[in-house]
file query38.pdb (PDB, N, CA and C atoms)
ATOM      1  N   MET I 788       4.080  -1.094  16.001
ATOM      2  CA  MET I 788       4.544   0.101  15.357
ATOM      3  C   MET I 788       4.486   1.314  16.288
ATOM      4  N   ILE I 789       3.609   1.278  17.280
ATOM      5  CA  ILE I 789       3.533   2.392  18.221
ATOM      6  C   ILE I 789       4.839   2.495  18.997
ATOM      7  N   ASP I 790       5.359   1.351  19.440
ATOM      8  CA  ASP I 790       6.609   1.394  20.202
ATOM      9  C   ASP I 790       7.760   1.915  19.340
ATOM     10  N   GLN I 791       7.771   1.582  18.055
ATOM     11  CA  GLN I 791       8.811   2.083  17.153
ATOM     12  C   GLN I 791       8.670   3.602  16.973
ATOM     13  N   ALA I 792       7.448   4.071  16.782
ATOM     14  CA  ALA I 792       7.217   5.516  16.639
ATOM     15  C   ALA I 792       7.632   6.247  17.911
ATOM     16  N   TRP I 793       7.348   5.657  19.063
ATOM     17  CA  TRP I 793       7.725   6.259  20.343
ATOM     18  C   TRP I 793       9.247   6.365  20.458
ATOM     19  N   ARG I 794       9.950   5.313  20.033
ATOM     20  CA  ARG I 794      11.415   5.313  20.126
ATOM     21  C   ARG I 794      12.048   6.365  19.213
ATOM     22  N   ILE I 795      11.490   6.576  18.028
ATOM     23  CA  ILE I 795      12.134   7.503  17.089
ATOM     24  C   ILE I 795      11.691   8.955  17.265
ATOM     25  N   ALA I 796      10.640   9.175  18.040
ATOM     26  CA  ALA I 796      10.227  10.559  18.319
ATOM     27  C   ALA I 796      11.305  11.221  19.178
ATOM     28  N   GLY I 797      11.489  12.508  18.998
ATOM     29  CA  GLY I 797      12.506  13.237  19.743
ATOM     30  C   GLY I 797      12.230  13.256  21.241
ATOM     31  N   SER I 798      13.223  13.694  22.003
ATOM     32  CA  SER I 798      13.100  13.698  23.465
ATOM     33  C   SER I 798      11.963  14.598  23.945
ATOM     34  N   LYS I 799      11.612  15.600  23.171
ATOM     35  CA  LYS I 799      10.461  16.465  23.482
ATOM     36  C   LYS I 799       9.363  16.272  22.435
ATOM     37  N   GLY I 800       9.410  15.123  21.734
ATOM     38  CA  GLY I 800       8.468  14.854  20.650
ATOM     39  C   GLY I 800       7.065  14.569  21.149
ATOM     40  N   ARG I 801       6.161  14.559  20.206
ATOM     41  CA  ARG I 801       4.757  14.283  20.511
ATOM     42  C   ARG I 801       4.266  13.217  19.544
ATOM     43  N   LEU I 802       3.791  12.107  20.063
ATOM     44  CA  LEU I 802       3.255  11.015  19.263
ATOM     45  C   LEU I 802       1.739  11.041  19.391
ATOM     46  N   VAL I 803       1.046  11.180  18.263
ATOM     47  CA  VAL I 803      -0.418  11.220  18.253
ATOM     48  C   VAL I 803      -0.909   9.951  17.569
ATOM     49  N   LEU I 804      -1.662   9.143  18.291
ATOM     50  CA  LEU I 804      -2.213   7.908  17.751
ATOM     51  C   LEU I 804      -3.500   8.237  17.009
ATOM     52  N   ILE I 805      -3.574   7.834  15.735
ATOM     53  CA  ILE I 805      -4.748   8.174  14.932
ATOM     54  C   ILE I 805      -5.566   6.958  14.555
ATOM     55  N   GLY I 806      -5.182   5.802  15.001
ATOM     56  CA  GLY I 806      -5.931   4.586  14.716
ATOM     57  C   GLY I 806      -6.139   3.820  16.012
ATOM     58  N   VAL I 807      -6.827   2.715  15.910
ATOM     59  CA  VAL I 807      -7.103   1.888  17.070
ATOM     60  C   VAL I 807      -6.476   0.517  16.831
ATOM     61  N   MET I 808      -5.724   0.068  17.814
ATOM     62  CA  MET I 808      -5.131  -1.258  17.707
ATOM     63  C   MET I 808      -6.222  -2.325  17.824
ATOM     64  N   ARG I 809      -5.900  -3.500  17.305
ATOM     65  CA  ARG I 809      -6.815  -4.621  17.504
ATOM     66  C   ARG I 809      -7.003  -4.837  19.000
ATOM     67  N   HIS I 810      -8.172  -5.311  19.376
ATOM     68  CA  HIS I 810      -8.515  -5.460  20.788
ATOM     69  C   HIS I 810      -7.586  -6.426  21.529
ATOM     70  N   ASP I 811      -6.933  -7.326  20.827
ATOM     71  CA  ASP I 811      -6.071  -8.310  21.476
ATOM     72  C   ASP I 811      -4.590  -7.946  21.390
ATOM     73  N   GLN I 812      -4.272  -6.706  20.993
ATOM     74  CA  GLN I 812      -2.889  -6.262  20.893
ATOM     75  C   GLN I 812      -2.548  -5.287  22.010
ATOM     76  N   ASN I 813      -1.297  -5.325  22.429
ATOM     77  CA  ASN I 813      -0.770  -4.401  23.427
ATOM     78  C   ASN I 813       0.592  -3.919  22.961
ATOM     79  N   PHE I 814       1.093  -2.887  23.590
ATOM     80  CA  PHE I 814       2.460  -2.462  23.332
ATOM     81  C   PHE I 814       3.088  -2.047  24.653
ATOM     82  N   SER I 815       4.393  -2.124  24.703
ATOM     83  CA  SER I 815       5.141  -1.777  25.895
ATOM     84  C   SER I 815       5.703  -0.366  25.733
ATOM     85  N   LEU I 816       5.723   0.383  26.815
ATOM     86  CA  LEU I 816       6.147   1.775  26.740
ATOM     87  C   LEU I 816       7.018   2.115  27.944
ATOM     88  N   ASN I 817       8.197   2.671  27.692
ATOM     89  CA  ASN I 817       9.033   3.221  28.745
ATOM     90  C   ASN I 817       8.472   4.608  29.063
ATOM     91  N   THR I 818       7.930   4.783  30.247
ATOM     92  CA  THR I 818       7.230   6.032  30.581
ATOM     93  C   THR I 818       8.139   7.144  31.081
ATOM     94  N   LEU I 819       9.412   6.865  31.350
ATOM     95  CA  LEU I 819      10.301   7.900  31.870
ATOM     96  C   LEU I 819      10.320   9.158  31.001
ATOM     97  N   PRO I 820      10.386   9.049  29.655
ATOM     98  CA  PRO I 820      10.388  10.272  28.836
ATOM     99  C   PRO I 820       9.151  11.155  29.025
ATOM    100  N   LEU I 821       8.031  10.583  29.472
ATOM    101  CA  LEU I 821       6.828  11.389  29.723
ATOM    102  C   LEU I 821       7.086  12.438  30.803
ATOM    103  N   HIS I 822       7.970  12.128  31.728
ATOM    104  CA  HIS I 822       8.258  13.043  32.834
ATOM    105  C   HIS I 822       9.225  14.154  32.438
ATOM    106  N   PHE I 823       9.729  14.070  31.205
ATOM    107  CA  PHE I 823      10.690  15.071  30.734
ATOM    108  C   PHE I 823      10.209  15.781  29.469
ATOM    109  N   GLY I 824       8.912  15.716  29.206
ATOM    110  CA  GLY I 824       8.347  16.513  28.130
ATOM    111  C   GLY I 824       7.903  15.772  26.878
ATOM    112  N   LYS I 825       8.239  14.489  26.761
ATOM    113  CA  LYS I 825       7.758  13.733  25.602
ATOM    114  C   LYS I 825       6.276  13.471  25.813
ATOM    115  N   MET I 826       5.492  13.473  24.723
ATOM    116  CA  MET I 826       4.039  13.364  24.851
ATOM    117  C   MET I 826       3.486  12.224  24.009
ATOM    118  N   LEU I 827       2.480  11.568  24.533
ATOM    119  CA  LEU I 827       1.740  10.524  23.830
ATOM    120  C   LEU I 827       0.267  10.821  24.024
ATOM    121  N   THR I 828      -0.450  10.909  22.917
ATOM    122  CA  THR I 828      -1.879  11.208  23.000
ATOM    123  C   THR I 828      -2.611  10.509  21.866
ATOM    124  N   GLY I 829      -3.901  10.413  21.989
ATOM    125  CA  GLY I 829      -4.730   9.859  20.929
ATOM    126  C   GLY I 829      -5.586  10.948  20.322
ATOM    127  N   SER I 830      -5.989  10.748  19.074
ATOM    128  CA  SER I 830      -6.854  11.742  18.439
ATOM    129  C   SER I 830      -8.309  11.366  18.692
ATOM    130  N   GLU I 831      -9.130  12.342  18.711
ATOM    131  CA  GLU I 831     -10.562  12.141  18.936
ATOM    132  C   GLU I 831     -11.271  12.328  17.606
ATOM    133  N   GLY I 832     -11.363  11.218  16.841
ATOM    134  CA  GLY I 832     -11.975  11.307  15.527
ATOM    135  C   GLY I 832     -11.245  12.285  14.631
ATOM    136  N   GLY I 833      -9.971  12.500  14.909
ATOM    137  CA  GLY I 833      -9.206  13.455  14.125
ATOM    138  C   GLY I 833      -9.510  14.889  14.504
ATOM    139  N   SER I 834     -10.411  15.086  15.464
ATOM    140  CA  SER I 834     -10.805  16.428  15.899
ATOM    141  C   SER I 834     -11.164  17.306  14.707
ATOM    142  N   SER I 835     -11.886  16.739  13.778
ATOM    143  CA  SER I 835     -12.202  17.465  12.550
ATOM    144  C   SER I 835     -13.379  18.419  12.726
ATOM    145  N   ILE I 836     -13.407  19.403  11.861
ATOM    146  CA  ILE I 836     -14.532  20.332  11.755
ATOM    147  C   ILE I 836     -15.018  20.180  10.317
ATOM    148  N   PRO I 837     -16.015  19.328  10.082
ATOM    149  CA  PRO I 837     -16.400  18.970   8.717
ATOM    150  C   PRO I 837     -16.665  20.144   7.788
ATOM    151  N   GLN I 838     -17.339  21.203   8.254
ATOM    152  CA  GLN I 838     -17.673  22.317   7.373
ATOM    153  C   GLN I 838     -16.422  23.072   6.906
ATOM    154  N   THR I 839     -15.327  22.964   7.633
ATOM    155  CA  THR I 839     -14.059  23.579   7.237
ATOM    156  C   THR I 839     -13.152  22.567   6.545
ATOM    157  N   ASP I 840     -13.050  21.376   7.144
ATOM    158  CA  ASP I 840     -12.083  20.392   6.684
ATOM    159  C   ASP I 840     -12.440  19.748   5.349
ATOM    160  N   ILE I 841     -13.699  19.409   5.137
ATOM    161  CA  ILE I 841     -14.069  18.729   3.888
ATOM    162  C   ILE I 841     -13.783  19.605   2.669
ATOM    163  N   PRO I 842     -14.182  20.885   2.651
ATOM    164  CA  PRO I 842     -13.802  21.720   1.502
ATOM    165  C   PRO I 842     -12.282  21.817   1.329
ATOM    166  N   ARG I 843     -11.532  21.879   2.444
ATOM    167  CA  ARG I 843     -10.067  21.944   2.365
ATOM    168  C   ARG I 843      -9.512  20.661   1.752
ATOM    169  N   TYR I 844     -10.020  19.504   2.170
ATOM    170  CA  TYR I 844      -9.557  18.227   1.602
ATOM    171  C   TYR I 844      -9.887  18.139   0.119
ATOM    172  N   LEU I 845     -11.075  18.598  -0.255
ATOM    173  CA  LEU I 845     -11.451  18.566  -1.672
ATOM    174  C   LEU I 845     -10.539  19.454  -2.514
ATOM    175  N   ARG I 846     -10.164  20.629  -1.979
ATOM    176  CA  ARG I 846      -9.210  21.497  -2.691
ATOM    177  C   ARG I 846      -7.849  20.807  -2.826
ATOM    178  N   MET I 847      -7.415  20.135  -1.771
ATOM    179  CA  MET I 847      -6.129  19.431  -1.817
ATOM    180  C   MET I 847      -6.157  18.304  -2.850
ATOM    181  N   ILE I 848      -7.263  17.586  -2.915
ATOM    182  CA  ILE I 848      -7.394  16.523  -3.920
ATOM    183  C   ILE I 848      -7.379  17.129  -5.311
ATOM    184  N   HIS I 849      -8.145  18.196  -5.500
ATOM    185  CA  HIS I 849      -8.215  18.866  -6.803
ATOM    186  C   HIS I 849      -6.847  19.371  -7.245
ATOM    187  N   ASP I 850      -6.043  19.858  -6.302
ATOM    188  CA  ASP I 850      -4.709  20.399  -6.611
ATOM    189  C   ASP I 850      -3.627  19.320  -6.636
ATOM    190  N   ASN I 851      -4.039  18.051  -6.580
ATOM    191  CA  ASN I 851      -3.105  16.913  -6.570
ATOM    192  C   ASN I 851      -2.101  16.967  -5.418
ATOM    193  N   ARG I 852      -2.526  17.526  -4.300
ATOM    194  CA  ARG I 852      -1.661  17.563  -3.113
ATOM    195  C   ARG I 852      -1.987  16.433  -2.156
ATOM    196  N   PHE I 853      -3.060  15.693  -2.431
ATOM    197  CA  PHE I 853      -3.509  14.629  -1.536
ATOM    198  C   PHE I 853      -4.246  13.593  -2.360
ATOM    199  N   ASP I 854      -3.901  12.325  -2.175
ATOM    200  CA  ASP I 854      -4.569  11.230  -2.887
ATOM    201  C   ASP I 854      -5.193  10.292  -1.854
ATOM    202  N   PRO I 855      -6.510  10.330  -1.687
ATOM    203  CA  PRO I 855      -7.159   9.529  -0.651
ATOM    204  C   PRO I 855      -7.274   8.041  -0.985
ATOM    205  N   ARG I 856      -6.935   7.654  -2.210
ATOM    206  CA  ARG I 856      -7.116   6.249  -2.597
ATOM    207  C   ARG I 856      -6.296   5.291  -1.739
ATOM    208  N   GLY I 857      -5.186   5.751  -1.209
ATOM    209  CA  GLY I 857      -4.356   4.890  -0.380
ATOM    210  C   GLY I 857      -4.971   4.526   0.959
ATOM    211  N   PHE I 858      -6.026   5.213   1.342
ATOM    212  CA  PHE I 858      -6.656   4.926   2.624
ATOM    213  C   PHE I 858      -7.591   3.721   2.573
ATOM    214  N   VAL I 859      -7.981   3.303   1.398
ATOM    215  CA  VAL I 859      -8.886   2.163   1.260
ATOM    216  C   VAL I 859      -8.051   0.934   0.912
ATOM    217  N   SER I 860      -8.039  -0.042   1.817
ATOM    218  CA  SER I 860      -7.250  -1.249   1.578
ATOM    219  C   SER I 860      -8.089  -2.355   0.953
ATOM    220  N   HIS I 861      -9.405  -2.329   1.169
ATOM    221  CA  HIS I 861     -10.297  -3.363   0.650
ATOM    222  C   HIS I 861     -11.617  -2.731   0.216
ATOM    223  N   ARG I 862     -12.257  -3.373  -0.715
ATOM    224  CA  ARG I 862     -13.601  -2.970  -1.160
ATOM    225  C   ARG I 862     -14.497  -4.196  -1.124
ATOM    226  N   CYS I 863     -15.768  -3.971  -0.835
ATOM    227  CA  CYS I 863     -16.700  -5.102  -0.828
ATOM    228  C   CYS I 863     -18.100  -4.613  -1.178
ATOM    229  N   ARG I 864     -18.918  -5.547  -1.567
ATOM    230  CA  ARG I 864     -20.343  -5.269  -1.791
ATOM    231  C   ARG I 864     -21.062  -5.362  -0.445
ATOM    232  N   LEU I 865     -22.215  -4.743  -0.348
ATOM    233  CA  LEU I 865     -22.992  -4.802   0.889
ATOM    234  C   LEU I 865     -23.291  -6.250   1.264
ATOM    235  N   SER I 866     -23.538  -7.081   0.285
ATOM    236  CA  SER I 866     -23.831  -8.489   0.555
ATOM    237  C   SER I 866     -22.628  -9.235   1.133
ATOM    238  N   GLU I 867     -21.422  -8.630   1.068
ATOM    239  CA  GLU I 867     -20.200  -9.251   1.581
ATOM    240  C   GLU I 867     -19.730  -8.617   2.895
ATOM    241  N   VAL I 868     -20.619  -7.860   3.542
ATOM    242  CA  VAL I 868     -20.213  -7.091   4.708
ATOM    243  C   VAL I 868     -19.724  -7.987   5.847
ATOM    244  N   ASN I 869     -20.304  -9.158   6.045
ATOM    245  CA  ASN I 869     -19.857 -10.037   7.126
ATOM    246  C   ASN I 869     -18.424 -10.513   6.896
ATOM    247  N   GLU I 870     -18.100 -10.819   5.647
ATOM    248  CA  GLU I 870     -16.724 -11.207   5.321
ATOM    249  C   GLU I 870     -15.773 -10.025   5.532
ATOM    250  N   ALA I 871     -16.239  -8.820   5.197
ATOM    251  CA  ALA I 871     -15.416  -7.626   5.384
ATOM    252  C   ALA I 871     -15.124  -7.394   6.866
ATOM    253  N   ILE I 872     -16.110  -7.616   7.708
ATOM    254  CA  ILE I 872     -15.912  -7.462   9.151
ATOM    255  C   ILE I 872     -14.906  -8.489   9.655
ATOM    256  N   ALA I 873     -15.011  -9.720   9.170
ATOM    257  CA  ALA I 873     -14.048 -10.758   9.560
ATOM    258  C   ALA I 873     -12.638 -10.386   9.120
ATOM    259  N   THR I 874     -12.501  -9.811   7.918
ATOM    260  CA  THR I 874     -11.189  -9.388   7.418
ATOM    261  C   THR I 874     -10.633  -8.272   8.291
ATOM    262  N   MET I 875     -11.490  -7.348   8.693
ATOM    263  CA  MET I 875     -11.067  -6.263   9.563
ATOM    264  C   MET I 875     -10.605  -6.802  10.917
ATOM    265  N   ARG I 876     -11.395  -7.693  11.499
ATOM    266  CA  ARG I 876     -11.047  -8.238  12.814
ATOM    267  C   ARG I 876      -9.765  -9.059  12.782
ATOM    268  N   SER I 877      -9.449  -9.649  11.638
ATOM    269  CA  SER I 877      -8.227 -10.444  11.521
ATOM    270  C   SER I 877      -6.989  -9.563  11.377
ATOM    271  N   GLY I 878      -7.192  -8.264  11.152
ATOM    272  CA  GLY I 878      -6.075  -7.352  10.990
ATOM    273  C   GLY I 878      -5.583  -7.233   9.556
ATOM    274  N   GLN I 879      -6.266  -7.867   8.610
ATOM    275  CA  GLN I 879      -5.848  -7.834   7.211
ATOM    276  C   GLN I 879      -6.319  -6.585   6.480
ATOM    277  N   SER I 880      -7.291  -5.887   7.038
ATOM    278  CA  SER I 880      -7.863  -4.712   6.384
ATOM    279  C   SER I 880      -7.569  -3.473   7.207
ATOM    280  N   VAL I 881      -7.214  -2.388   6.525
ATOM    281  CA  VAL I 881      -7.029  -1.109   7.210
ATOM    282  C   VAL I 881      -8.351  -0.351   7.179
ATOM    283  N   HIS I 882      -8.841  -0.053   5.984
ATOM    284  CA  HIS I 882     -10.143   0.582   5.793
ATOM    285  C   HIS I 882     -10.840  -0.115   4.641
ATOM    286  N   THR I 883     -12.065  -0.503   4.856
ATOM    287  CA  THR I 883     -12.845  -1.173   3.824
ATOM    288  C   THR I 883     -13.967  -0.261   3.361
ATOM    289  N   MET I 884     -14.087  -0.100   2.049
ATOM    290  CA  MET I 884     -15.172   0.682   1.475
ATOM    291  C   MET I 884     -16.295  -0.276   1.090
ATOM    292  N   ILE I 885     -17.486   0.007   1.562
ATOM    293  CA  ILE I 885     -18.655  -0.828   1.252
ATOM    294  C   ILE I 885     -19.452  -0.148   0.154
ATOM    295  N   HIS I 886     -19.659  -0.874  -0.938
ATOM    296  CA  HIS I 886     -20.434  -0.351  -2.069
ATOM    297  C   HIS I 886     -21.887  -0.825  -1.914
ATOM    298  N   PHE I 887     -22.775   0.113  -1.708
ATOM    299  CA  PHE I 887     -24.169  -0.212  -1.444
ATOM    300  C   PHE I 887     -24.935  -0.554  -2.705
ATOM    301  N   ASN I 888     -24.438  -0.187  -3.869
ATOM    302  CA  ASN I 888     -25.185  -0.459  -5.093
ATOM    303  C   ASN I 888     -24.807  -1.814  -5.690
ATOM    304  N   GLU I 889     -24.018  -2.617  -4.965
ATOM    305  CA  GLU I 889     -23.634  -3.977  -5.345
ATOM    306  C   GLU I 889     -22.707  -4.051  -6.548
ATOM    307  N   THR I 890     -22.187  -2.915  -7.015
ATOM    308  CA  THR I 890     -21.195  -2.965  -8.083
ATOM    309  C   THR I 890     -19.878  -2.398  -7.542
ATOM    310  N   LEU I 891     -18.805  -2.941  -8.010
ATOM    311  CA  LEU I 891     -17.492  -2.418  -7.571
ATOM    312  C   LEU I 891     -16.959  -1.600  -8.675
TER     313      LEU I 891
END
call {"tool": "encode", "arguments": {"input": "query38.pdb", "output": "structure tokens"}}
result
Amino acid sequence: MIDQAWRIAGSKGRLVLIGVMRHDQNFSLNTLPLHFGKMLTGSEGGSSIPQTDIPRYLRMIHDNRFDPRGFVSHRCRLSEVNEAIATMRSGQSVHTMIHFNETL
């Protein structure tokens, strides 16, 4: 998907990677556009400022402008954490929420 995003970004576009590919995946990139102003960069933990960003996100959720439920692809109990890690490593999970109280 990175190569597709790179192709559809404008000639002076900027592609910011916000996730990490599986360790065994690669992508091919034509680097010529980099020399003409197109940019590719990665985010550093989203470069967040928690004391500012968390209240802003909570306001957005409260105002129905943002729904965080889509970010969790799987849920598991703490006792199932090893299976959750295996699911993540297989590429089947995007984000897994671990419930420490053993109830879902």
call {"tool": "resolve_selection", "arguments": {"input": "query38.pdb", "expression": "the PyMOL selection byres ((chain I and resi 886) around 6.5)", "output": "list in words"}}
result
Arg862, Cys863, Arg864, Leu865, Met884, Ile885, Phe887, Asn888, Glu889 and Thr890 of chain I
call {"tool": "write_last_selection", "arguments": {"input": "query38.pdb", "atoms": "N, CA and C atoms", "output": "mmCIF file, in the coordinates of the input"}}
result
data_model
loop_
_atom_site.group_PDB
_atom_site.id
_atom_site.type_symbol
_atom_site.label_atom_id
_atom_site.label_comp_id
_atom_site.auth_asym_id
_atom_site.auth_seq_id
_atom_site.Cartn_x
_atom_site.Cartn_y
_atom_site.Cartn_z
ATOM 1 N N ARG I 862 -12.257 -3.373 -0.715
ATOM 2 C CA ARG I 862 -13.601 -2.970 -1.160
ATOM 3 C C ARG I 862 -14.497 -4.196 -1.124
ATOM 4 N N CYS I 863 -15.768 -3.971 -0.835
ATOM 5 C CA CYS I 863 -16.700 -5.102 -0.828
ATOM 6 C C CYS I 863 -18.100 -4.613 -1.178
ATOM 7 N N ARG I 864 -18.918 -5.547 -1.567
ATOM 8 C CA ARG I 864 -20.343 -5.269 -1.791
ATOM 9 C C ARG I 864 -21.062 -5.362 -0.445
ATOM 10 N N LEU I 865 -22.215 -4.743 -0.348
ATOM 11 C CA LEU I 865 -22.992 -4.802 0.889
ATOM 12 C C LEU I 865 -23.291 -6.250 1.264
ATOM 13 N N MET I 884 -14.087 -0.100 2.049
ATOM 14 C CA MET I 884 -15.172 0.682 1.475
ATOM 15 C C MET I 884 -16.295 -0.276 1.090
ATOM 16 N N ILE I 885 -17.486 0.007 1.562
ATOM 17 C CA ILE I 885 -18.655 -0.828 1.252
ATOM 18 C C ILE I 885 -19.452 -0.148 0.154
ATOM 19 N N PHE I 887 -22.775 0.113 -1.708
ATOM 20 C CA PHE I 887 -24.169 -0.212 -1.444
ATOM 21 C C PHE I 887 -24.935 -0.554 -2.705
ATOM 22 N N ASN I 888 -24.438 -0.187 -3.869
ATOM 23 C CA ASN I 888 -25.185 -0.459 -5.093
ATOM 24 C C ASN I 888 -24.807 -1.814 -5.690
ATOM 25 N N GLU I 889 -24.018 -2.617 -4.965
ATOM 26 C CA GLU I 889 -23.634 -3.977 -5.345
ATOM 27 C C GLU I 889 -22.707 -4.051 -6.548
ATOM 28 N N THR I 890 -22.187 -2.915 -7.015
ATOM 29 C CA THR I 890 -21.195 -2.965 -8.083
ATOM 30 C C THR I 890 -19.878 -2.398 -7.542
#
call {"tool": "residues_around", "arguments": {"input": "query38.pdb", "residues": "segment 872-882 of chain I", "least_positions_apart": "4", "cutoff": "8 Å", "atoms": "all atoms listed in the file", "output": "list in words"}}
result
Arg809, His810, Gly857, Phe858, Val859, Ser860, His861, Arg862, Glu867 and Val868 of chain I
call {"tool": "resolve_selection", "arguments": {"input": "query38.pdb", "expression": "the PyMOL selection byres ((chain I and resi 789-806) around 8)", "output": "PyMOL selection string"}}
result
chain I and resi 788+807-809+813-817+820-821+823-833
call {"tool": "select_by_dssp", "arguments": {"input": "query38.pdb", "residues": "chain I", "states": "strand (DSSP E or B)", "output": "list in words"}}
result
Arg801, Leu802, Val803, Leu804, Met826, Leu827, Thr828, Gly829, His861, Arg862, Cys863, Arg864, Thr883, Met884, Ile885 and His886 of chain I
call {"tool": "write_last_selection", "arguments": {"input": "query38.pdb", "atoms": "N, CA and C atoms", "output": "PDB file, in the frame of the given file"}}
result
ATOM      1  N   ARG I 801       6.161  14.559  20.206  1.00  0.00           N
ATOM      2  CA  ARG I 801       4.757  14.283  20.511  1.00  0.00           C
ATOM      3  C   ARG I 801       4.266  13.217  19.544  1.00  0.00           C
ATOM      4  N   LEU I 802       3.791  12.107  20.063  1.00  0.00           N
ATOM      5  CA  LEU I 802       3.255  11.015  19.263  1.00  0.00           C
ATOM      6  C   LEU I 802       1.739  11.041  19.391  1.00  0.00           C
ATOM      7  N   VAL I 803       1.046  11.180  18.263  1.00  0.00           N
ATOM      8  CA  VAL I 803      -0.418  11.220  18.253  1.00  0.00           C
ATOM      9  C   VAL I 803      -0.909   9.951  17.569  1.00  0.00           C
ATOM     10  N   LEU I 804      -1.662   9.143  18.291  1.00  0.00           N
ATOM     11  CA  LEU I 804      -2.213   7.908  17.751  1.00  0.00           C
ATOM     12  C   LEU I 804      -3.500   8.237  17.009  1.00  0.00           C
ATOM     13  N   MET I 826       5.492  13.473  24.723  1.00  0.00           N
ATOM     14  CA  MET I 826       4.039  13.364  24.851  1.00  0.00           C
ATOM     15  C   MET I 826       3.486  12.224  24.009  1.00  0.00           C
ATOM     16  N   LEU I 827       2.480  11.568  24.533  1.00  0.00           N
ATOM     17  CA  LEU I 827       1.740  10.524  23.830  1.00  0.00           C
ATOM     18  C   LEU I 827       0.267  10.821  24.024  1.00  0.00           C
ATOM     19  N   THR I 828      -0.450  10.909  22.917  1.00  0.00           N
ATOM     20  CA  THR I 828      -1.879  11.208  23.000  1.00  0.00           C
ATOM     21  C   THR I 828      -2.611  10.509  21.866  1.00  0.00           C
ATOM     22  N   GLY I 829      -3.901  10.413  21.989  1.00  0.00           N
ATOM     23  CA  GLY I 829      -4.730   9.859  20.929  1.00  0.00           C
ATOM     24  C   GLY I 829      -5.586  10.948  20.322  1.00  0.00           C
ATOM     25  N   HIS I 861      -9.405  -2.329   1.169  1.00  0.00           N
ATOM     26  CA  HIS I 861     -10.297  -3.363   0.650  1.00  0.00           C
ATOM     27  C   HIS I 861     -11.617  -2.731   0.216  1.00  0.00           C
ATOM     28  N   ARG I 862     -12.257  -3.373  -0.715  1.00  0.00           N
ATOM     29  CA  ARG I 862     -13.601  -2.970  -1.160  1.00  0.00           C
ATOM     30  C   ARG I 862     -14.497  -4.196  -1.124  1.00  0.00           C
ATOM     31  N   CYS I 863     -15.768  -3.971  -0.835  1.00  0.00           N
ATOM     32  CA  CYS I 863     -16.700  -5.102  -0.828  1.00  0.00           C
ATOM     33  C   CYS I 863     -18.100  -4.613  -1.178  1.00  0.00           C
ATOM     34  N   ARG I 864     -18.918  -5.547  -1.567  1.00  0.00           N
ATOM     35  CA  ARG I 864     -20.343  -5.269  -1.791  1.00  0.00           C
ATOM     36  C   ARG I 864     -21.062  -5.362  -0.445  1.00  0.00           C
ATOM     37  N   THR I 883     -12.065  -0.503   4.856  1.00  0.00           N
ATOM     38  CA  THR I 883     -12.845  -1.173   3.824  1.00  0.00           C
ATOM     39  C   THR I 883     -13.967  -0.261   3.361  1.00  0.00           C
ATOM     40  N   MET I 884     -14.087  -0.100   2.049  1.00  0.00           N
ATOM     41  CA  MET I 884     -15.172   0.682   1.475  1.00  0.00           C
ATOM     42  C   MET I 884     -16.295  -0.276   1.090  1.00  0.00           C
ATOM     43  N   ILE I 885     -17.486   0.007   1.562  1.00  0.00           N
ATOM     44  CA  ILE I 885     -18.655  -0.828   1.252  1.00  0.00           C
ATOM     45  C   ILE I 885     -19.452  -0.148   0.154  1.00  0.00           C
ATOM     46  N   HIS I 886     -19.659  -0.874  -0.938  1.00  0.00           N
ATOM     47  CA  HIS I 886     -20.434  -0.351  -2.069  1.00  0.00           C
ATOM     48  C   HIS I 886     -21.887  -0.825  -1.914  1.00  0.00           C
TER      49      HIS I 886
END
call {"tool": "atom_distance", "arguments": {"input": "query38.pdb", "atom1": "atom N of Gln812 of chain I", "atom2": "atom C of Ser866 of chain I"}}
result
27.2 Å
call {"tool": "atom_distance", "arguments": {"input": "query38.pdb", "atom1": "atom C of Ala871 of chain I", "atom2": "atom N of Asp854 of chain I"}}
result
24.4 Å
call {"tool": "atom_distance", "arguments": {"input": "query38.pdb", "atom1": "atom C of Asn869 of chain I", "atom2": "atom C of Thr883 of chain I"}}
result
11.7 Å
call {"tool": "axis_aligned_box", "arguments": {"input": "query38.pdb", "around": "segment 853-869 of chain I", "padding_each_side": "3 Å", "output": "JSON"}}
result
{"center_x": -13.4, "center_y": 2.6, "center_z": 2.1, "size_x": 26.8, "size_y": 32.2, "size_z": 16.0}
